[in-house]
$ cat structure35.cif   # mmCIF, C-alpha atoms
data_start
#
loop_
_atom_site.label_atom_id
_atom_site.label_comp_id
_atom_site.auth_asym_id
_atom_site.auth_seq_id
_atom_site.Cartn_x
_atom_site.Cartn_y
_atom_site.Cartn_z
CA MET A 884 0.00 0.00 0.00
CA PHE A 885 2.75 2.46 0.96
CA LEU A 886 5.01 1.54 -1.95
CA VAL A 887 2.45 1.56 -4.78
CA ALA A 888 -1.12 2.62 -4.01
CA LEU A 889 -0.54 5.71 -1.89
CA PRO A 890 2.41 7.14 -3.89
CA PHE A 891 0.59 6.66 -7.22
CA SER A 892 -2.62 8.27 -5.96
CA SER A 893 -0.69 11.12 -4.34
CA TYR A 894 1.29 11.83 -7.50
CA PHE A 895 -1.23 11.21 -10.29
CA VAL A 896 -4.53 12.08 -8.57
CA TYR A 897 -3.63 14.74 -6.01
CA HIS A 898 -0.43 15.95 -7.78
CA ASN A 899 1.45 16.07 -4.48
CA LYS A 900 5.04 15.01 -5.18
CA LEU A 901 6.22 15.47 -1.59
CA LEU A 902 3.53 13.18 -0.22
CA ALA A 903 4.28 10.60 -2.91
CA VAL A 904 7.97 10.60 -1.98
CA LEU A 905 7.07 10.34 1.71
CA PHE A 906 4.83 7.31 1.18
CA ALA A 907 7.39 5.64 -1.10
CA GLY A 908 10.08 6.32 1.49
CA ILE A 909 8.01 4.43 4.05
CA GLY A 910 6.97 1.64 1.73
CA ALA A 911 10.34 0.82 0.14
CA PRO A 912 12.19 -0.20 3.33
CA LEU A 913 9.13 -2.09 4.60
CA VAL A 914 8.89 -4.11 1.38
CA LEU A 915 12.64 -4.74 1.27
CA ALA A 916 12.65 -5.86 4.91
CA GLY A 917 9.79 -8.24 4.23
CA ILE A 918 11.48 -9.69 1.15
CA ALA A 919 14.79 -10.07 3.00
CA LYS A 920 13.11 -12.00 5.83
CA TRP A 921 11.21 -14.18 3.37
CA ILE A 922 14.39 -15.00 1.46
CA GLN A 923 16.24 -15.75 4.71
CA GLU A 924 13.56 -18.23 5.73
CA GLY A 925 13.37 -19.83 2.30
CA ALA A 926 17.13 -20.09 1.99
CA SER A 927 17.88 -21.53 5.41
CA GLN A 928 14.85 -23.27 6.93
CA LYS A 929 13.32 -26.63 6.17
CA MET A 930 10.04 -26.36 4.30
CA ALA A 931 6.86 -27.22 6.20
CA ILE A 932 5.71 -29.22 3.16
CA ASP A 933 8.37 -31.22 1.32
CA ASN A 934 9.07 -30.38 -2.33
CA VAL A 935 6.31 -27.77 -2.56
CA SER A 936 8.68 -25.07 -3.86
CA PRO A 937 9.09 -26.50 -7.40
CA ILE A 938 5.31 -26.60 -7.71
CA GLY A 939 5.06 -23.04 -6.44
CA ILE A 940 7.70 -21.70 -8.84
CA GLY A 941 5.94 -23.54 -11.67
CA VAL A 942 2.66 -21.80 -10.89
CA PHE A 943 4.49 -18.48 -10.57
CA ILE A 944 6.21 -18.90 -13.94
CA ILE A 945 2.89 -19.72 -15.61
CA GLY A 946 1.56 -16.40 -14.32
CA GLU A 947 4.66 -14.61 -15.58
CA ILE A 948 4.29 -16.23 -19.00
CA LEU A 949 0.73 -14.94 -19.24
CA ILE A 950 1.89 -11.41 -18.39
CA PHE A 951 4.62 -11.53 -21.03
CA ILE A 952 2.16 -12.91 -23.58
CA GLY A 953 -0.08 -9.93 -22.88
CA LEU A 954 2.81 -7.53 -23.44
CA PHE A 955 3.86 -9.32 -26.63
CA ALA A 956 0.28 -9.28 -27.89
CA SER A 957 0.20 -5.51 -27.37
CA TYR A 958 3.44 -5.14 -29.31
CA TRP A 959 2.22 -7.38 -32.13
CA THR A 960 -0.99 -5.36 -32.37
CA LEU A 961 0.98 -2.13 -32.66
CA ARG A 962 3.44 -3.65 -35.11
CA LEU A 963 0.89 -5.24 -37.43
CA SER A 964 -1.52 -2.30 -37.39
CA ALA A 965 1.16 0.30 -38.06
CA GLU A 966 0.68 2.18 -41.27
CA GLY A 967 3.94 3.12 -42.92
CA ALA A 968 7.47 2.54 -41.75
CA TRP A 969 8.28 0.68 -38.56
CA PRO A 970 9.75 1.78 -36.21
CA PRO A 971 7.78 5.04 -36.50
CA ALA A 972 9.28 8.44 -37.14
CA GLY A 973 11.28 9.80 -34.23
CA THR A 974 12.98 6.50 -33.49
CA PRO A 975 16.79 6.76 -33.56
CA HIS A 976 19.03 3.97 -34.81
CA ILE A 977 19.06 1.18 -32.25
CA ASP A 978 22.25 -0.85 -32.22
CA LYS A 979 21.79 -4.56 -32.98
CA VAL A 980 25.16 -5.61 -31.55
CA LEU A 981 24.38 -4.74 -27.92
CA PRO A 982 21.37 -7.10 -27.62
CA LEU A 983 23.54 -9.90 -29.01
CA VAL A 984 26.15 -9.19 -26.34
CA MET A 985 23.38 -9.18 -23.72
CA THR A 986 22.18 -12.54 -25.04
CA VAL A 987 25.66 -14.01 -24.63
CA LEU A 988 25.82 -12.66 -21.07
CA LEU A 989 22.50 -14.23 -20.10
CA VAL A 990 23.25 -17.59 -21.70
CA ALA A 991 26.65 -17.64 -20.00
CA SER A 992 25.01 -16.81 -16.65
CA SER A 993 22.65 -19.77 -16.99
CA MET A 994 25.64 -22.01 -17.66
CA THR A 995 27.61 -20.67 -14.70
CA TYR A 996 24.64 -21.04 -12.37
CA HIS A 997 24.06 -24.60 -13.53
CA THR A 998 27.72 -25.30 -12.79
CA ALA A 999 27.26 -23.76 -9.35
CA GLU A 1000 24.34 -26.11 -8.70
CA THR A 1001 26.44 -29.14 -9.64
CA LYS A 1002 29.16 -27.95 -7.25
CA LEU A 1003 26.62 -27.63 -4.46
CA ASP A 1004 25.34 -31.14 -5.15
CA ALA A 1005 28.93 -32.36 -4.83
CA ASP A 1006 29.30 -30.54 -1.46
CA ASP A 1007 31.92 -28.25 -2.99
CA GLU A 1008 31.01 -25.01 -1.23
CA ALA A 1009 34.02 -23.09 -2.52
CA GLY A 1010 33.23 -24.07 -6.10
CA PHE A 1011 29.58 -23.19 -5.59
CA ILE A 1012 30.47 -19.72 -4.33
CA LYS A 1013 32.92 -19.14 -7.21
CA TRP A 1014 30.40 -19.98 -9.92
CA LEU A 1015 27.60 -18.16 -8.10
CA VAL A 1016 29.72 -14.99 -8.02
CA ALA A 1017 30.36 -15.44 -11.74
CA SER A 1018 26.59 -15.60 -12.30
CA ILE A 1019 26.10 -12.42 -10.27
CA ILE A 1020 28.77 -10.60 -12.30
CA LEU A 1021 27.19 -11.64 -15.59
CA GLY A 1022 23.74 -10.55 -14.40
CA VAL A 1023 25.10 -7.18 -13.30
CA LEU A 1024 26.83 -6.74 -16.66
CA PHE A 1025 23.50 -7.41 -18.40
CA LEU A 1026 21.82 -4.73 -16.29
CA GLY A 1027 24.74 -2.41 -17.03
CA CYS A 1028 24.14 -2.90 -20.75
CA THR A 1029 20.47 -2.04 -20.28
CA THR A 1030 21.37 1.11 -18.33
CA TYR A 1031 23.93 2.10 -20.98
CA GLU A 1032 21.39 1.61 -23.76
CA TYR A 1033 18.64 3.52 -21.97
CA SER A 1034 21.01 6.40 -21.25
CA HIS A 1035 22.09 6.78 -24.88
CA LEU A 1036 18.56 6.44 -26.25
CA SER A 1037 17.32 9.02 -23.77
CA GLN A 1038 20.04 11.44 -24.85
CA ALA A 1039 18.84 10.92 -28.43
CA GLY A 1040 15.34 11.96 -27.38
CA PHE A 1041 13.96 8.43 -27.41
CA ASN A 1042 11.79 8.08 -24.31
CA PRO A 1043 8.74 5.95 -23.39
CA GLY A 1044 6.42 8.65 -24.69
CA THR A 1045 8.17 9.27 -28.02
CA ASN A 1046 5.98 6.97 -30.11
CA GLN A 1047 4.24 3.60 -30.09
CA TYR A 1048 7.45 1.68 -30.59
CA SER A 1049 9.19 3.43 -27.70
CA ALA A 1050 6.31 2.60 -25.36
CA ALA A 1051 6.51 -1.08 -26.29
CA PHE A 1052 10.33 -1.09 -26.28
CA TYR A 1053 10.70 0.30 -22.78
CA THR A 1054 7.82 -1.79 -21.42
CA LEU A 1055 9.14 -5.13 -22.67
CA THR A 1056 12.85 -4.54 -22.04
CA GLY A 1057 12.19 -2.79 -18.73
CA PHE A 1058 9.88 -5.52 -17.45
CA HIS A 1059 12.46 -8.14 -18.38
CA ALA A 1060 15.28 -6.13 -16.79
CA ALA A 1061 13.23 -6.00 -13.57
CA HIS A 1062 13.15 -9.79 -13.60
CA VAL A 1063 16.91 -9.91 -14.13
CA LEU A 1064 17.39 -7.53 -11.19
CA LEU A 1065 15.24 -9.76 -8.99
CA GLY A 1066 17.28 -12.78 -10.03
CA VAL A 1067 20.57 -11.03 -9.24
CA LEU A 1068 19.24 -10.03 -5.82
CA ALA A 1069 18.23 -13.64 -5.21
CA PHE A 1070 21.78 -14.70 -6.14
CA VAL A 1071 23.20 -12.19 -3.67
CA SER A 1072 20.84 -13.47 -0.98
CA ILE A 1073 22.04 -17.02 -1.62
CA LEU A 1074 25.67 -15.86 -1.46
CA ILE A 1075 25.07 -14.19 1.90
CA ALA A 1076 23.19 -17.21 3.21
CA VAL A 1077 25.79 -19.77 2.15
CA THR A 1078 28.59 -17.83 3.83
CA ARG A 1079 26.68 -17.46 7.12
CA ILE A 1080 24.38 -20.47 7.43
CA ARG A 1081 23.64 -23.77 5.76
CA ILE A 1082 21.84 -23.07 2.49
CA ASN A 1083 18.67 -24.94 1.59
CA PRO A 1084 19.47 -26.72 -1.73
CA LEU A 1085 15.83 -26.56 -2.77
CA PHE A 1086 15.95 -22.75 -2.63
CA VAL A 1087 18.99 -22.80 -4.92
CA THR A 1088 17.12 -25.04 -7.36
CA VAL A 1089 14.03 -22.83 -7.41
CA VAL A 1090 16.09 -19.70 -8.05
CA GLY A 1091 17.81 -21.55 -10.89
CA ILE A 1092 14.48 -22.44 -12.48
CA TYR A 1093 13.46 -18.79 -12.29
CA TRP A 1094 16.76 -17.61 -13.81
CA HIS A 1095 16.59 -20.03 -16.72
CA PHE A 1096 13.04 -18.82 -17.38
CA VAL A 1097 14.26 -15.22 -17.49
CA ASP A 1098 16.99 -16.32 -19.88
CA VAL A 1099 14.53 -17.98 -22.27
CA VAL A 1100 12.16 -15.00 -22.21
CA TRP A 1101 15.00 -12.73 -23.32
CA PHE A 1102 15.23 -14.58 -26.64
CA PHE A 1103 11.61 -13.62 -27.34
CA VAL A 1104 12.09 -10.02 -26.16
CA ALA A 1105 15.25 -9.49 -28.20
CA SER A 1106 13.95 -11.15 -31.35
CA GLN A 1107 10.71 -9.16 -31.35
CA VAL A 1108 11.86 -5.73 -30.17
CA TYR A 1109 15.24 -5.48 -31.87
CA PHE A 1110 14.99 -7.66 -34.97
CA TRP A 1111 11.35 -7.46 -36.09
#
$ encode --input "structure35.cif" --output "structure tokens"
Amino acid sequence: MFLVALPFSSYFVYHNKLLAVLFAGIGAPLVLAGIAKWIQEGASQKMAIDNVSPIGIGVFIIGEILIFIGLFASYWTLRLSAEGAWPPAGTPHIDKVLPLVMTVLLVASSMTYHTAETKLDADDEAGFIKWLVASIILGVLFLGCTTYEYSHLSQAGFNPGTNQYSAAFYTLTGFHAAHVLLGVLAFVSILIAVTRIRINPLFVTVVGIYWHFVDVVWFFVASQVYFW
């Protein structure tokens, strides 16, 4: 409520920026504290119901797939109903090399995380930490590429409100980047947990399933937004 509902209503309905910042300032640490405690419990404690986490992450991913399908459907509608050139006028040249580099980073991160999981299964904690850190670095580099791209496009006057393509571009890539950020934070949480307490292997597996899903989704985002 404090992080979303009250700030949005204060800013967009009552046009009170100070109140919106105040509510967000209260909500952000509360949400982060709640997430941190939830991750700590999931990463360290034995589940009340055995093997329920893979089922839960499966249900969660199905919901995420439906959201992405909705976003893709919106993009396809804009793309197929566009009259004239696509992308529309006002769209600067968008480099095709950077998304390929970002693809390599994500694929490599899935491979490093899978290696980390095999090390954990072999009770090689040092190896697990090494490959987990590599996954974190690759995820951060991907987010750095997104930030770099957004910065240069913004300087060229290409913002979410520029045209239909920009709205779809920032929505799809931004929503995916948010998922990457969540995955990196989960990796960091695992790293902290494994260095302080005994990690729950099931939590590591569930985070891996989520990360591989984010990796696969990127292929659809990149192919549609950059190359079609």
$ residues_around --input "structure35.cif" --residues "range 938-951 of chain A" --least-positions-apart "2" --cutoff "10 Å" --atoms "only C-alpha atoms" --output "NGL selection string"
:A and (934-936 or 953-957 or 1055 or 1058-1059 or 1062 or 1089-1090 or 1092-1093 or 1096-1097 or 1100 or 1103-1104)
$ residues_around --input "structure35.cif" --residues "Pro971 in chain A" --least-positions-apart "4" --cutoff "10 Å" --atoms "all atoms listed in the file" --output "list in words"
Arg962, Ala965, Glu966, Gly967, Pro975, Thr1045, Asn1046, Gln1047, Tyr1048 and Ser1049 of chain A
$ closest_residue --input "structure35.cif" --among "A:Glu1008, A:Tyr996, A:Lys1013, A:Ala1061" --to "Val1087 in chain A" --atoms "all atoms listed in the file"
A:Tyr996
$ axis_aligned_box --input "structure35.cif" --around "range 1071-1090 of chain A" --padding-each-side "3 Å" --output "JSON"
{"center_x": 21.3, "center_y": -19.5, "center_z": -0.3, "size_x": 20.6, "size_y": 20.5, "size_z": 21.5}
$ residues_near_point --input "structure35.cif" --point "(20.8, 5.8, -32.8)" --cutoff "12 Å" --atoms "all atoms listed in the file" --output "NGL selection string"
:A and (973-979 or 1032-1041)
$ atom_distance --input "structure35.cif" --atom1 "CA of Met994 in chain A" --atom2 "CA of Leu915 in chain A"
28.7 Å
$ residues_near_point --input "structure35.cif" --point "(20.6, -23.5, -8.3)" --cutoff "12 Å" --atoms "all atoms listed in the file" --output "ChimeraX atom specification"
/A:926,937,992-1004,1011-1012,1014-1015,1018,1066,1069-1070,1073-1074,1082-1095
$ residues_around --input "structure35.cif" --residues "Gly1022 in chain A" --least-positions-apart "2" --cutoff "10 Å" --atoms "only C-alpha atoms" --output "JSON, numbers by chain"
{"A": [985, 988, 989, 991, 992, 993, 1016, 1017, 1018, 1019, 1020, 1024, 1025, 1026, 1027, 1028, 1060, 1063, 1064, 1066, 1067, 1068, 1070, 1094]}
$ closest_residue --input "structure35.cif" --among "A:Pro1043, A:Thr960, A:Phe1052, A:Asp1098" --to "Val987 in chain A" --atoms "all atoms listed in the file"
A:Asp1098
$ closest_residue --input "structure35.cif" --among "A:Val1099, A:Ile1075, A:Leu983, A:Val1108" --to "Thr1056 in chain A" --atoms "all atoms listed in the file"
A:Val1108
$ atom_distance --input "structure35.cif" --atom1 "CA of Gly917 in chain A" --atom2 "CA of Thr1078 in chain A"
21.1 Å
$ atom_distance --input "structure35.cif" --atom1 "CA of Tyr958 in chain A" --atom2 "CA of Leu889 in chain A"
29.8 Å
$ residues_around --input "structure35.cif" --residues "Trp1111 in chain A" --least-positions-apart "6" --cutoff "10 Å" --atoms "all atoms listed in the file" --output "PDB file with C-alpha atoms, in the frame of the given file"
ATOM      1  CA  TRP A 959       2.220  -7.380 -32.130  1.00  0.00           C
ATOM      2  CA  ARG A 962       3.440  -3.650 -35.110  1.00  0.00           C
ATOM      3  CA  TRP A 969       8.280   0.680 -38.560  1.00  0.00           C
ATOM      4  CA  PRO A 970       9.750   1.780 -36.210  1.00  0.00           C
ATOM      5  CA  ALA A1105      15.250  -9.490 -28.200  1.00  0.00           C
TER       6      ALA A1105
END
$ residues_around --input "structure35.cif" --residues "range 884-888 of chain A" --least-positions-apart "5" --cutoff "7 Å" --atoms "all atoms listed in the file" --output "list in words"
Phe906, Ala907, Ile909, Gly910 and Ala911 of chain A
$ closest_residue --input "structure35.cif" --among "A:Ile922, A:Val1023, A:Ala968, A:Val980" --to "Phe1110 in chain A" --atoms "only C-alpha atoms"
A:Val980
